[in-house]
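This is coords07.cif. It holds mmCIF, C-alpha atoms.
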data_entry
#
loop_
_atom_site.group_PDB
_atom_site.id
_atom_site.type_symbol
_atom_site.label_atom_id
_atom_site.label_comp_id
_atom_site.auth_asym_id
_atom_site.auth_seq_id
_atom_site.Cartn_x
_atom_site.Cartn_y
_atom_site.Cartn_z
ATOM 1 C CA MET A 1 81.581 105.350 77.705
ATOM 2 C CA ASP A 2 78.780 103.309 79.249
ATOM 3 C CA PRO A 3 76.234 105.934 80.414
ATOM 4 C CA GLU A 4 75.668 104.108 83.715
ATOM 5 C CA LEU A 5 79.379 104.525 84.461
ATOM 6 C CA GLU A 6 79.861 108.006 83.089
ATOM 7 C CA ALA A 7 77.580 109.538 85.711
ATOM 8 C CA PHE A 8 79.966 108.440 88.485
ATOM 9 C CA ILE A 9 83.294 109.558 87.009
ATOM 10 C CA ALA A 10 83.350 112.800 88.992
ATOM 11 C CA LEU A 11 83.228 110.827 92.268
ATOM 12 C CA PHE A 12 86.562 109.105 91.617
ATOM 13 C CA PRO A 13 89.676 110.755 93.105
ATOM 14 C CA PRO A 14 92.123 112.430 90.704
ATOM 15 C CA ALA A 15 94.280 110.031 88.700
ATOM 16 C CA THR A 16 97.619 110.516 90.415
ATOM 17 C CA LEU A 17 100.133 108.594 92.506
ATOM 18 C CA ASP A 18 102.506 111.483 93.245
ATOM 19 C CA ASP A 19 101.783 111.421 97.000
ATOM 20 C CA PRO A 20 101.454 107.767 98.091
ATOM 21 C CA ALA A 21 100.287 108.544 101.643
ATOM 22 C CA THR A 22 97.450 110.782 100.476
ATOM 23 C CA GLU A 23 96.465 108.396 97.700
ATOM 24 C CA ARG A 24 96.244 105.531 100.176
ATOM 25 C CA GLU A 25 93.780 107.570 102.224
ATOM 26 C CA ASN A 26 91.741 108.362 99.106
ATOM 27 C CA PHE A 27 91.799 104.726 98.033
ATOM 28 C CA THR A 28 90.566 103.588 101.445
ATOM 29 C CA LYS A 29 87.701 106.102 101.356
ATOM 30 C CA LEU A 30 86.724 104.913 97.888
ATOM 31 C CA ALA A 31 86.839 101.243 98.937
ATOM 32 C CA THR A 32 84.741 101.779 102.055
ATOM 33 C CA SER A 33 82.071 103.580 100.037
ATOM 34 C CA VAL A 34 81.318 100.360 98.123
ATOM 35 C CA PRO A 35 78.349 98.319 99.395
ATOM 36 C CA GLN A 36 79.727 95.551 101.591
ATOM 37 C CA PRO A 37 78.850 91.941 100.704
ATOM 38 C CA ASP A 38 77.060 89.452 102.925
ATOM 39 C CA THR A 39 79.622 86.914 104.164
ATOM 40 C CA SER A 40 77.274 84.917 106.399
ATOM 41 C CA ALA A 41 77.474 81.902 104.057
ATOM 42 C CA MET A 42 81.259 81.601 104.373
ATOM 43 C CA ASP A 43 83.974 81.519 107.009
ATOM 44 C CA VAL A 44 86.287 84.552 106.977
ATOM 45 C CA GLU A 45 89.545 84.369 108.910
ATOM 46 C CA ASP A 46 92.660 86.536 109.163
ATOM 47 C CA ARG A 47 95.889 84.569 109.327
ATOM 48 C CA ILE A 48 99.646 85.066 109.122
ATOM 49 C CA VAL A 49 101.837 83.200 106.647
ATOM 50 C CA PRO A 50 105.372 82.693 107.969
ATOM 51 C CA GLY A 51 107.964 84.386 105.814
ATOM 52 C CA ASP A 52 110.721 86.950 105.701
ATOM 53 C CA PRO A 53 108.826 89.003 106.724
ATOM 54 C CA ASP A 54 105.551 87.296 107.635
ATOM 55 C CA VAL A 55 102.592 87.985 105.322
ATOM 56 C CA ALA A 56 99.045 88.763 106.456
ATOM 57 C CA ILE A 57 96.232 87.028 104.575
ATOM 58 C CA ARG A 58 92.457 86.857 104.817
ATOM 59 C CA VAL A 59 90.865 83.531 103.969
ATOM 60 C CA TYR A 60 87.307 83.365 102.600
ATOM 61 C CA ARG A 61 85.999 79.813 102.748
ATOM 62 C CA PRO A 62 82.559 79.118 101.234
ATOM 63 C CA ARG A 63 80.764 75.947 102.227
ATOM 64 C CA ASP A 64 81.662 72.963 100.016
ATOM 65 C CA ALA A 65 84.487 74.967 98.419
ATOM 66 C CA GLN A 66 85.992 73.582 95.254
ATOM 67 C CA GLY A 67 89.569 74.719 94.811
ATOM 68 C CA ALA A 68 91.335 77.883 95.970
ATOM 69 C CA ILE A 69 92.776 81.061 94.530
ATOM 70 C CA VAL A 70 95.569 83.279 95.820
ATOM 71 C CA TRP A 71 93.997 86.685 95.169
ATOM 72 C CA LEU A 72 95.931 89.952 94.877
ATOM 73 C CA HIS A 73 94.459 93.421 95.301
ATOM 74 C CA GLY A 74 94.944 96.346 92.966
ATOM 75 C CA GLY A 75 96.265 99.792 93.830
ATOM 76 C CA GLY A 76 99.201 100.432 91.533
ATOM 77 C CA TYR A 77 101.653 98.511 93.767
ATOM 78 C CA VAL A 78 101.318 101.518 96.108
ATOM 79 C CA MET A 79 97.817 101.288 97.630
ATOM 80 C CA GLY A 80 95.475 98.652 98.993
ATOM 81 C CA ASP A 81 95.247 96.107 101.783
ATOM 82 C CA LEU A 82 92.981 93.338 103.080
ATOM 83 C CA ASP A 83 90.243 95.779 104.041
ATOM 84 C CA THR A 84 90.120 97.674 100.747
ATOM 85 C CA GLU A 85 89.945 94.360 98.894
ATOM 86 C CA HIS A 86 87.339 92.816 101.172
ATOM 87 C CA PRO A 87 84.283 93.647 98.988
ATOM 88 C CA TRP A 88 85.863 92.037 95.928
ATOM 89 C CA ALA A 89 87.495 89.022 97.584
ATOM 90 C CA ALA A 90 84.207 88.146 99.273
ATOM 91 C CA ARG A 91 82.252 88.524 96.033
ATOM 92 C CA LEU A 92 84.779 86.344 94.212
ATOM 93 C CA ALA A 93 84.438 83.629 96.851
ATOM 94 C CA GLU A 94 80.653 83.805 96.608
ATOM 95 C CA GLY A 95 80.596 83.817 92.812
ATOM 96 C CA SER A 96 83.159 81.062 92.301
ATOM 97 C CA GLY A 97 82.606 78.778 95.268
ATOM 98 C CA ALA A 98 86.390 78.768 95.739
ATOM 99 C CA VAL A 99 88.463 79.477 98.819
ATOM 100 C CA VAL A 100 89.902 82.958 98.296
ATOM 101 C CA ILE A 101 93.206 83.802 99.984
ATOM 102 C CA SER A 102 93.523 87.589 99.868
ATOM 103 C CA VAL A 103 97.126 88.761 100.350
ATOM 104 C CA LYS A 104 98.441 91.879 102.075
ATOM 105 C CA TYR A 105 101.679 92.188 100.132
ATOM 106 C CA ARG A 106 104.225 94.912 100.831
ATOM 107 C CA LEU A 107 103.718 98.215 99.027
ATOM 108 C CA ALA A 108 106.011 100.496 97.071
ATOM 109 C CA PRO A 109 107.757 102.909 97.192
ATOM 110 C CA GLU A 110 108.785 101.835 100.701
ATOM 111 C CA ASN A 111 109.122 98.245 99.493
ATOM 112 C CA PRO A 112 109.936 98.164 95.768
ATOM 113 C CA PHE A 113 110.294 95.078 93.552
ATOM 114 C CA PRO A 114 110.732 92.231 94.389
ATOM 115 C CA ALA A 115 109.137 92.641 97.851
ATOM 116 C CA ALA A 116 105.514 92.233 96.725
ATOM 117 C CA LEU A 117 106.334 89.272 94.482
ATOM 118 C CA ASP A 118 108.262 87.564 97.275
ATOM 119 C CA ASP A 119 105.231 87.952 99.570
ATOM 120 C CA VAL A 120 102.897 86.557 96.927
ATOM 121 C CA TYR A 121 105.178 83.632 96.182
ATOM 122 C CA ALA A 122 105.445 82.805 99.895
ATOM 123 C CA VAL A 123 101.638 82.692 100.145
ATOM 124 C CA LEU A 124 101.394 80.585 96.989
ATOM 125 C CA ASN A 125 103.787 78.032 98.485
ATOM 126 C CA TRP A 126 101.934 78.141 101.812
ATOM 127 C CA THR A 127 98.605 77.558 100.062
ATOM 128 C CA ALA A 128 99.945 74.510 98.235
ATOM 129 C CA GLY A 129 101.394 73.137 101.464
ATOM 130 C CA HIS A 130 98.179 73.742 103.441
ATOM 131 C CA ALA A 131 95.692 72.644 100.775
ATOM 132 C CA ALA A 132 94.220 69.881 102.926
ATOM 133 C CA GLU A 133 93.745 72.289 105.836
ATOM 134 C CA LEU A 134 91.951 74.675 103.461
ATOM 135 C CA GLY A 135 89.691 71.851 102.301
ATOM 136 C CA VAL A 136 91.043 71.690 98.739
ATOM 137 C CA THR A 137 93.475 69.576 96.762
ATOM 138 C CA PRO A 138 96.906 70.891 95.649
ATOM 139 C CA ASP A 139 95.993 70.455 91.974
ATOM 140 C CA ARG A 140 93.120 72.964 92.235
ATOM 141 C CA ILE A 141 94.967 76.158 93.155
ATOM 142 C CA ALA A 142 94.690 79.269 91.001
ATOM 143 C CA ILE A 143 96.244 82.711 91.196
ATOM 144 C CA GLY A 144 94.766 86.023 90.150
ATOM 145 C CA GLY A 145 94.220 89.667 90.830
ATOM 146 C CA HIS A 146 93.106 93.055 89.609
ATOM 147 C CA SER A 147 95.367 95.721 88.079
ATOM 148 C CA ALA A 148 98.742 95.583 89.884
ATOM 149 C CA GLY A 149 97.484 92.415 91.554
ATOM 150 C CA GLY A 150 96.888 90.914 88.134
ATOM 151 C CA GLY A 151 100.439 91.833 87.194
ATOM 152 C CA LEU A 152 101.748 90.138 90.337
ATOM 153 C CA ALA A 153 99.683 87.048 89.550
ATOM 154 C CA ALA A 154 101.187 86.843 86.062
ATOM 155 C CA THR A 155 104.752 87.234 87.345
ATOM 156 C CA ALA A 156 104.175 84.689 90.119
ATOM 157 C CA ALA A 157 102.979 82.213 87.489
ATOM 158 C CA LEU A 158 106.172 82.805 85.510
ATOM 159 C CA ARG A 159 108.304 82.303 88.606
ATOM 160 C CA ALA A 160 106.453 79.133 89.592
ATOM 161 C CA ARG A 161 106.995 77.729 86.097
ATOM 162 C CA ASP A 162 110.693 78.594 86.048
ATOM 163 C CA GLU A 163 111.435 77.403 89.588
ATOM 164 C CA GLN A 164 109.256 74.283 89.375
ATOM 165 C CA GLY A 165 107.165 75.752 92.176
ATOM 166 C CA PRO A 166 103.549 74.987 93.051
ATOM 167 C CA ALA A 167 101.414 73.750 90.186
ATOM 168 C CA ILE A 168 99.046 76.607 89.299
ATOM 169 C CA ARG A 169 95.829 75.454 87.670
ATOM 170 C CA PHE A 170 94.603 78.820 86.356
ATOM 171 C CA GLN A 171 95.391 82.540 86.077
ATOM 172 C CA LEU A 172 92.570 85.064 86.626
ATOM 173 C CA LEU A 173 93.923 88.357 85.309
ATOM 174 C CA ASN A 174 91.574 91.348 85.537
ATOM 175 C CA GLN A 175 92.933 94.479 83.810
ATOM 176 C CA PRO A 176 96.473 93.429 84.800
ATOM 177 C CA SER A 177 99.518 95.731 84.796
ATOM 178 C CA LEU A 178 101.977 93.816 82.657
ATOM 179 C CA ASP A 179 104.329 96.163 80.799
ATOM 180 C CA ASP A 180 106.390 99.004 82.261
ATOM 181 C CA ARG A 181 107.460 100.208 78.788
ATOM 182 C CA GLN A 182 104.089 101.880 78.013
ATOM 183 C CA GLU A 183 104.579 101.499 74.262
ATOM 184 C CA THR A 184 101.152 100.216 73.213
ATOM 185 C CA TRP A 185 98.584 102.474 71.532
ATOM 186 C CA SER A 186 96.349 102.609 74.618
ATOM 187 C CA ALA A 187 99.284 103.297 76.955
ATOM 188 C CA ARG A 188 100.480 106.181 74.765
ATOM 189 C CA ASN A 189 97.102 107.729 74.027
ATOM 190 C CA PHE A 190 94.956 107.372 77.145
ATOM 191 C CA THR A 191 96.201 110.504 78.893
ATOM 192 C CA ASP A 192 92.881 111.660 80.361
ATOM 193 C CA THR A 193 90.918 108.469 81.045
ATOM 194 C CA PRO A 194 89.032 108.221 84.375
ATOM 195 C CA TRP A 195 90.792 107.001 87.530
ATOM 196 C CA VAL A 196 93.809 105.606 85.670
ATOM 197 C CA ASN A 197 95.675 107.340 82.863
ATOM 198 C CA ARG A 198 99.134 107.276 81.307
ATOM 199 C CA ASP A 199 100.737 109.488 83.968
ATOM 200 C CA LYS A 200 99.340 107.420 86.822
ATOM 201 C CA ILE A 201 100.609 104.214 85.220
ATOM 202 C CA ALA A 202 104.048 105.816 84.794
ATOM 203 C CA ALA A 203 104.080 106.830 88.469
ATOM 204 C CA MET A 204 103.046 103.330 89.477
ATOM 205 C CA TRP A 205 105.945 101.728 87.653
ATOM 206 C CA ARG A 206 108.329 104.424 88.903
ATOM 207 C CA HIS A 207 107.440 103.645 92.521
ATOM 208 C CA TYR A 208 107.550 99.882 92.040
ATOM 209 C CA LEU A 209 110.779 99.759 90.019
ATOM 210 C CA GLU A 210 112.597 102.679 91.672
ATOM 211 C CA GLY A 211 112.600 104.637 88.437
ATOM 212 C CA ARG A 212 114.394 101.954 86.431
ATOM 213 C CA PRO A 213 113.268 99.651 83.610
ATOM 214 C CA ALA A 214 111.973 96.288 84.745
ATOM 215 C CA PRO A 215 115.051 94.150 85.476
ATOM 216 C CA SER A 216 113.320 90.885 84.543
ATOM 217 C CA PRO A 217 109.963 89.395 83.515
ATOM 218 C CA TYR A 218 109.334 88.793 87.224
ATOM 219 C CA ALA A 219 108.842 92.567 87.494
ATOM 220 C CA ALA A 220 106.755 93.022 84.333
ATOM 221 C CA ALA A 221 105.360 89.864 82.779
ATOM 222 C CA ALA A 222 105.093 91.271 79.242
ATOM 223 C CA ARG A 223 108.891 91.264 79.076
ATOM 224 C CA ALA A 224 108.954 87.449 79.157
ATOM 225 C CA ALA A 225 110.184 86.068 75.849
ATOM 226 C CA ASP A 226 108.707 82.608 76.435
ATOM 227 C CA LEU A 227 105.133 82.180 77.668
ATOM 228 C CA SER A 228 104.873 78.455 77.021
ATOM 229 C CA GLY A 229 104.041 76.124 79.859
ATOM 230 C CA LEU A 230 102.026 78.719 81.788
ATOM 231 C CA PRO A 231 98.606 77.958 83.298
ATOM 232 C CA PRO A 232 95.392 78.577 81.337
ATOM 233 C CA ALA A 233 94.156 82.132 81.761
ATOM 234 C CA TYR A 234 91.151 84.408 81.788
ATOM 235 C CA VAL A 235 92.195 87.922 80.789
ATOM 236 C CA ALA A 236 89.809 90.865 81.042
ATOM 237 C CA SER A 237 90.476 94.392 79.794
ATOM 238 C CA ALA A 238 88.597 97.680 79.996
ATOM 239 C CA GLU A 239 88.051 99.729 76.836
ATOM 240 C CA PHE A 240 89.237 103.058 78.271
ATOM 241 C CA CYS A 241 92.257 101.792 80.190
ATOM 242 C CA PRO A 242 95.960 102.344 79.424
ATOM 243 C CA ASN A 243 96.516 98.631 80.161
ATOM 244 C CA ARG A 244 94.004 97.564 77.515
ATOM 245 C CA ASP A 245 96.346 96.769 74.644
ATOM 246 C CA GLU A 246 99.024 95.104 76.771
ATOM 247 C CA ASN A 247 96.272 92.891 78.226
ATOM 248 C CA ILE A 248 95.109 91.889 74.756
ATOM 249 C CA ASP A 249 98.675 91.450 73.490
ATOM 250 C CA TYR A 250 99.570 89.227 76.440
ATOM 251 C CA ALA A 251 96.490 87.082 75.920
ATOM 252 C CA VAL A 252 97.334 86.645 72.241
ATOM 253 C CA ARG A 253 100.953 85.778 73.049
ATOM 254 C CA LEU A 254 99.778 83.199 75.588
ATOM 255 C CA MET A 255 97.585 81.610 72.912
ATOM 256 C CA GLN A 256 100.449 81.632 70.418
ATOM 257 C CA ALA A 257 102.549 79.825 73.046
ATOM 258 C CA GLY A 258 99.931 77.085 73.307
ATOM 259 C CA VAL A 259 98.211 78.321 76.479
ATOM 260 C CA SER A 260 94.418 78.147 76.634
ATOM 261 C CA VAL A 261 92.994 81.666 77.095
ATOM 262 C CA GLU A 262 89.598 83.286 77.504
ATOM 263 C CA LEU A 263 89.832 86.983 76.612
ATOM 264 C CA HIS A 264 87.082 89.489 77.357
ATOM 265 C CA GLN A 265 87.315 93.129 76.319
ATOM 266 C CA TRP A 266 84.596 95.103 78.132
ATOM 267 C CA PRO A 267 83.251 97.942 75.945
ATOM 268 C CA GLY A 268 82.363 101.256 77.543
ATOM 269 C CA THR A 269 84.290 100.537 80.752
ATOM 270 C CA PHE A 270 87.322 102.145 82.363
ATOM 271 C CA HIS A 271 89.967 100.814 84.744
ATOM 272 C CA GLY A 272 88.330 99.822 88.020
ATOM 273 C CA SER A 273 84.847 100.846 86.928
ATOM 274 C CA GLN A 274 83.423 97.540 88.175
ATOM 275 C CA ALA A 275 83.389 99.235 91.590
ATOM 276 C CA ILE A 276 80.299 101.103 90.366
ATOM 277 C CA LEU A 277 77.850 98.407 91.381
ATOM 278 C CA SER A 278 74.762 100.240 90.162
ATOM 279 C CA ALA A 279 75.890 99.612 86.563
ATOM 280 C CA GLU A 280 74.684 96.498 84.780
ATOM 281 C CA VAL A 281 78.060 95.994 83.091
ATOM 282 C CA SER A 282 79.777 95.884 86.501
ATOM 283 C CA HIS A 283 77.554 93.016 87.608
ATOM 284 C CA ARG A 284 78.405 91.184 84.395
ATOM 285 C CA GLN A 285 82.131 91.708 84.954
ATOM 286 C CA ILE A 286 82.030 90.446 88.533
ATOM 287 C CA ALA A 287 79.870 87.469 87.579
ATOM 288 C CA GLU A 288 82.268 86.549 84.766
ATOM 289 C CA LEU A 289 85.270 86.525 87.091
ATOM 290 C CA GLY A 290 83.484 84.173 89.465
ATOM 291 C CA GLY A 291 82.175 82.002 86.663
ATOM 292 C CA ALA A 292 85.549 81.694 84.943
ATOM 293 C CA LEU A 293 87.191 80.648 88.190
ATOM 294 C CA ARG A 294 84.419 78.192 89.023
ATOM 295 C CA ARG A 295 84.749 76.520 85.606
ATOM 296 C CA ALA A 296 88.533 76.345 85.804
ATOM 297 C CA LEU A 297 88.601 74.725 89.231
ATOM 298 C CA ALA A 298 85.793 72.291 88.457
ATOM 299 C CA GLU A 299 87.296 70.791 85.302
#
Please, can you express the file's structure as structure tokens?
Amino acid sequence: MDPELEAFIALFPPATLDDPATERENFTKLATSVPQPDTSAMDVEDRIVPGDPDVAIRVYRPRDAQGAIVWLHGGGYVMGDLDTEHPWAARLAEGSGAVVISVKYRLAPENPFPAALDDVYAVLNWTAGHAAELGVTPDRIAIGGHSAGGGLAATAALRARDEQGPAIRFQLLNQPSLDDRQETWSARNFTDTPWVNRDKIAAMWRHYLEGRPAPSPYAAAARAADLSGLPPAYVASAEFCPNRDENIDYAVRLMQAGVSVELHQWPGTFHGSQAILSAEVSHRQIAELGGALRRALAE
């Protein structure tokens, strides 16, 4: 474990999702303890995307923005909202120079699959249809997220490919949740890792899928048999994370399907440890996400 991260492990709440209401409170407290970014160099606006139901979004628009990304918060499909994601969405906008559309998708267990994906897909379509209003072109729209948000980004990319939906230029997948089967080495063996462990991942999938196996790749992207024709991707994994091996496996399968991929495995890190901003490795992780998105939208 990176020593700069190890000193903060005790400050993270217990790794559990057994009581969603309590865990949402804990997650909010953790998010608000993070130093807030300076957004004076960008416009930040809350909006509503029409849908069934409507979806709340927060738009971060840097000056002279180049491209846009539909960005999806983490929280195990159970926690998180626009406010908890604010520090990271703003930093991504600053680091990439892209318009960031942060999405408040519906949460499980109250709203299991496919509610969150439907919300994300509605915002993706809205973004493509309002590209000119956002100051970007429709061919420079990416999708991405962290943890469960990364999983939603991957499934939305699959759905867009299959339904001939909006053209997605790039996938930015940070420690994504991709496989409900939990059969990889890291998923089976990381039972006591900080913040996220095997039991917490199992609870996450149980809430999202109502205790059943994923019914399709739109619920868990790793179940897709065919990954060809998907957008280029940046995939990042944390060394001490149950998702680590499924992240690496998915990146390799994308490459084998002819998709261009940048894969970064961060040694000494754990799931979500980039929230510890005093650590040098966290600054590198955040900078890489912004840099990868900037490069992808500028090409």
Quick one, how far is CA of Thr16 in chain A from CA of Asp119 in chain A?
25.5 Å
Need the shell around Pro53 in chain A: protein/DNA/RNA residues with any atom at most 10 Å away, counting all atoms listed in the file. Skip same-chain ones fewer than 3 positions apart. Format as a list of chain:residue names?
A:Val49, A:Pro50, A:Ala56, A:Arg106, A:Ala115, A:Asp118, A:Asp119, A:Ala122
What lies within 10 Å of range 126-142 of chain A using all atoms listed in the file, ignoring chain neighbours under 5 positions off, as a VMD selection string?
chain A and resid 49 to 51 59 to 61 63 to 71 98 to 101 120 to 121 153 157 165 to 172 231 to 233 293 296 to 299
Non-local contacts of Ala187 in chain A (10 Å; all atoms listed in the file; under 4 positions in same chain excluded) as a ChimeraX atom specification
/A:179-183,191,197-199,201-202,241-246
List the residues matched by the PyMOL selection byres ((chain A and resi 196) around 12) in the displayed structure as a PyMOL selection string, ordered by chain and then by residue number.
chain A and resi 9+12-17+74-76+147-148+175+177+186-187+190-195+197-204+238+240-244+269-273
Spatial neighbours of Thr28 in chain A, 6 Å, all atoms listed in the file, chain gap at least 3 places, as a ChimeraX atom specification:
/A:25,31,84
Any chance you could resolve the PyMOL selection byres ((chain A and resi 117) around 12) against this file and give the residues as a ChimeraX atom specification?
/A:55,72,77,103-108,111-116,118-124,148-160,208,217-221
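Between CA of Leu254 in chain A and CA of Gly229 in chain A the interatomic distance comes to 9.3 Å.
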Residue neighbourhood Leu277 in chain A, 8 Å, only C-alpha atoms, exclusion window fewer than 4 positions, as a compact mmCIF listing (two decimals) with C-alpha atoms, keeping the file's coordinate frame:
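File written: around36.txt
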# COMPACT_ATOMS: atom_id res chain seq x y z
CA VAL A 34 81.32 100.36 98.12
CA SER A 282 79.78 95.88 86.50
CA HIS A 283 77.55 93.02 87.61
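Nearest to Leu30 in chain A of all the residues A:Val44, A:Met79, A:Leu289, A:Ile143 is A:Met79, based on all atoms listed in the file.
For the pair CA of Arg47 in chain A and CA of Tyr234 in chain A, the interatomic distance is 27.9 Å.
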Run the PyMOL selection byres ((chain A and resi 265) around 7) mentally over the shown coordinates, then write out the matched residues as a ChimeraX atom specification, using the chain letters and numbers from the document.
/A:236-239,263-264,266-267
Those same residues - C-alpha atoms - I'd like them written as a tab-separated table (two decimals), keeping the file's coordinate frame.
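Printed below is out-v8.tsv as written:
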chain	number	residue	atom	x	y	z
A	236	ALA	CA	89.81	90.86	81.04
A	237	SER	CA	90.48	94.39	79.79
A	238	ALA	CA	88.60	97.68	80.00
A	239	GLU	CA	88.05	99.73	76.84
A	263	LEU	CA	89.83	86.98	76.61
A	264	HIS	CA	87.08	89.49	77.36
A	266	TRP	CA	84.60	95.10	78.13
A	267	PRO	CA	83.25	97.94	75.94
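Each of A:Gly95, A:Pro109, A:Pro176, A:Gly211 was compared to Gly291 in chain A using all atoms listed in the file, and A:Gly95 turns out to be the nearest.
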Write out N, CA and C atoms for range 131-152 of chain A, as a PDB file, in the coordinates of the input.
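As a result, result-v4.pdb now contains:
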ATOM      1  N   ALA A 131      96.914  72.878 101.551  1.00  0.00           N
ATOM      2  CA  ALA A 131      95.692  72.644 100.775  1.00  0.00           C
ATOM      3  C   ALA A 131      94.682  71.809 101.556  1.00  0.00           C
ATOM      4  N   ALA A 132      95.144  70.747 102.185  1.00  0.00           N
ATOM      5  CA  ALA A 132      94.220  69.881 102.926  1.00  0.00           C
ATOM      6  C   ALA A 132      93.547  70.644 104.060  1.00  0.00           C
ATOM      7  N   GLU A 133      94.309  71.474 104.750  1.00  0.00           N
ATOM      8  CA  GLU A 133      93.745  72.289 105.836  1.00  0.00           C
ATOM      9  C   GLU A 133      92.692  73.257 105.305  1.00  0.00           C
ATOM     10  N   LEU A 134      92.894  73.748 104.084  1.00  0.00           N
ATOM     11  CA  LEU A 134      91.951  74.675 103.461  1.00  0.00           C
ATOM     12  C   LEU A 134      90.746  73.953 102.861  1.00  0.00           C
ATOM     13  N   GLY A 135      90.800  72.625 102.832  1.00  0.00           N
ATOM     14  CA  GLY A 135      89.691  71.851 102.301  1.00  0.00           C
ATOM     15  C   GLY A 135      89.712  71.684 100.800  1.00  0.00           C
ATOM     16  N   VAL A 136      90.910  71.827 100.194  1.00  0.00           N
ATOM     17  CA  VAL A 136      91.043  71.690  98.739  1.00  0.00           C
ATOM     18  C   VAL A 136      92.200  70.743  98.441  1.00  0.00           C
ATOM     19  N   THR A 137      92.362  70.412  97.170  1.00  0.00           N
ATOM     20  CA  THR A 137      93.475  69.576  96.762  1.00  0.00           C
ATOM     21  C   THR A 137      94.546  70.438  96.089  1.00  0.00           C
ATOM     22  N   PRO A 138      95.824  70.056  96.186  1.00  0.00           N
ATOM     23  CA  PRO A 138      96.906  70.891  95.649  1.00  0.00           C
ATOM     24  C   PRO A 138      96.840  71.123  94.142  1.00  0.00           C
ATOM     25  N   ASP A 139      96.080  70.284  93.424  1.00  0.00           N
ATOM     26  CA  ASP A 139      95.993  70.455  91.974  1.00  0.00           C
ATOM     27  C   ASP A 139      94.858  71.391  91.568  1.00  0.00           C
ATOM     28  N   ARG A 140      94.211  72.031  92.537  1.00  0.00           N
ATOM     29  CA  ARG A 140      93.120  72.964  92.235  1.00  0.00           C
ATOM     30  C   ARG A 140      93.388  74.325  92.891  1.00  0.00           C
ATOM     31  N   ILE A 141      94.577  74.854  92.623  1.00  0.00           N
ATOM     32  CA  ILE A 141      94.967  76.158  93.155  1.00  0.00           C
ATOM     33  C   ILE A 141      95.222  77.111  91.995  1.00  0.00           C
ATOM     34  N   ALA A 142      94.544  78.229  92.028  1.00  0.00           N
ATOM     35  CA  ALA A 142      94.690  79.269  91.001  1.00  0.00           C
ATOM     36  C   ALA A 142      95.365  80.490  91.608  1.00  0.00           C
ATOM     37  N   ILE A 143      95.710  81.428  90.747  1.00  0.00           N
ATOM     38  CA  ILE A 143      96.244  82.711  91.196  1.00  0.00           C
ATOM     39  C   ILE A 143      95.625  83.801  90.346  1.00  0.00           C
ATOM     40  N   GLY A 144      95.388  84.962  90.934  1.00  0.00           N
ATOM     41  CA  GLY A 144      94.766  86.023  90.150  1.00  0.00           C
ATOM     42  C   GLY A 144      94.766  87.329  90.900  1.00  0.00           C
ATOM     43  N   GLY A 145      94.293  88.358  90.208  1.00  0.00           N
ATOM     44  CA  GLY A 145      94.220  89.667  90.830  1.00  0.00           C
ATOM     45  C   GLY A 145      93.736  90.709  89.851  1.00  0.00           C
ATOM     46  N   HIS A 146      93.562  91.908  90.389  1.00  0.00           N
ATOM     47  CA  HIS A 146      93.106  93.055  89.609  1.00  0.00           C
ATOM     48  C   HIS A 146      94.230  94.070  89.504  1.00  0.00           C
ATOM     49  N   SER A 147      94.424  94.628  88.299  1.00  0.00           N
ATOM     50  CA  SER A 147      95.367  95.721  88.079  1.00  0.00           C
ATOM     51  C   SER A 147      96.788  95.292  88.477  1.00  0.00           C
ATOM     52  N   ALA A 148      97.414  95.993  89.434  1.00  0.00           N
ATOM     53  CA  ALA A 148      98.742  95.583  89.884  1.00  0.00           C
ATOM     54  C   ALA A 148      98.716  94.163  90.416  1.00  0.00           C
ATOM     55  N   GLY A 149      97.608  93.790  91.073  1.00  0.00           N
ATOM     56  CA  GLY A 149      97.484  92.415  91.554  1.00  0.00           C
ATOM     57  C   GLY A 149      97.470  91.408  90.427  1.00  0.00           C
ATOM     58  N   GLY A 150      96.847  91.777  89.308  1.00  0.00           N
ATOM     59  CA  GLY A 150      96.888  90.914  88.134  1.00  0.00           C
ATOM     60  C   GLY A 150      98.298  90.778  87.586  1.00  0.00           C
ATOM     61  N   GLY A 151      99.047  91.886  87.617  1.00  0.00           N
ATOM     62  CA  GLY A 151     100.439  91.833  87.194  1.00  0.00           C
ATOM     63  C   GLY A 151     101.264  90.926  88.091  1.00  0.00           C
ATOM     64  N   LEU A 152     101.040  91.018  89.401  1.00  0.00           N
ATOM     65  CA  LEU A 152     101.748  90.138  90.337  1.00  0.00           C
ATOM     66  C   LEU A 152     101.375  88.679  90.113  1.00  0.00           C
TER      67      LEU A 152
END
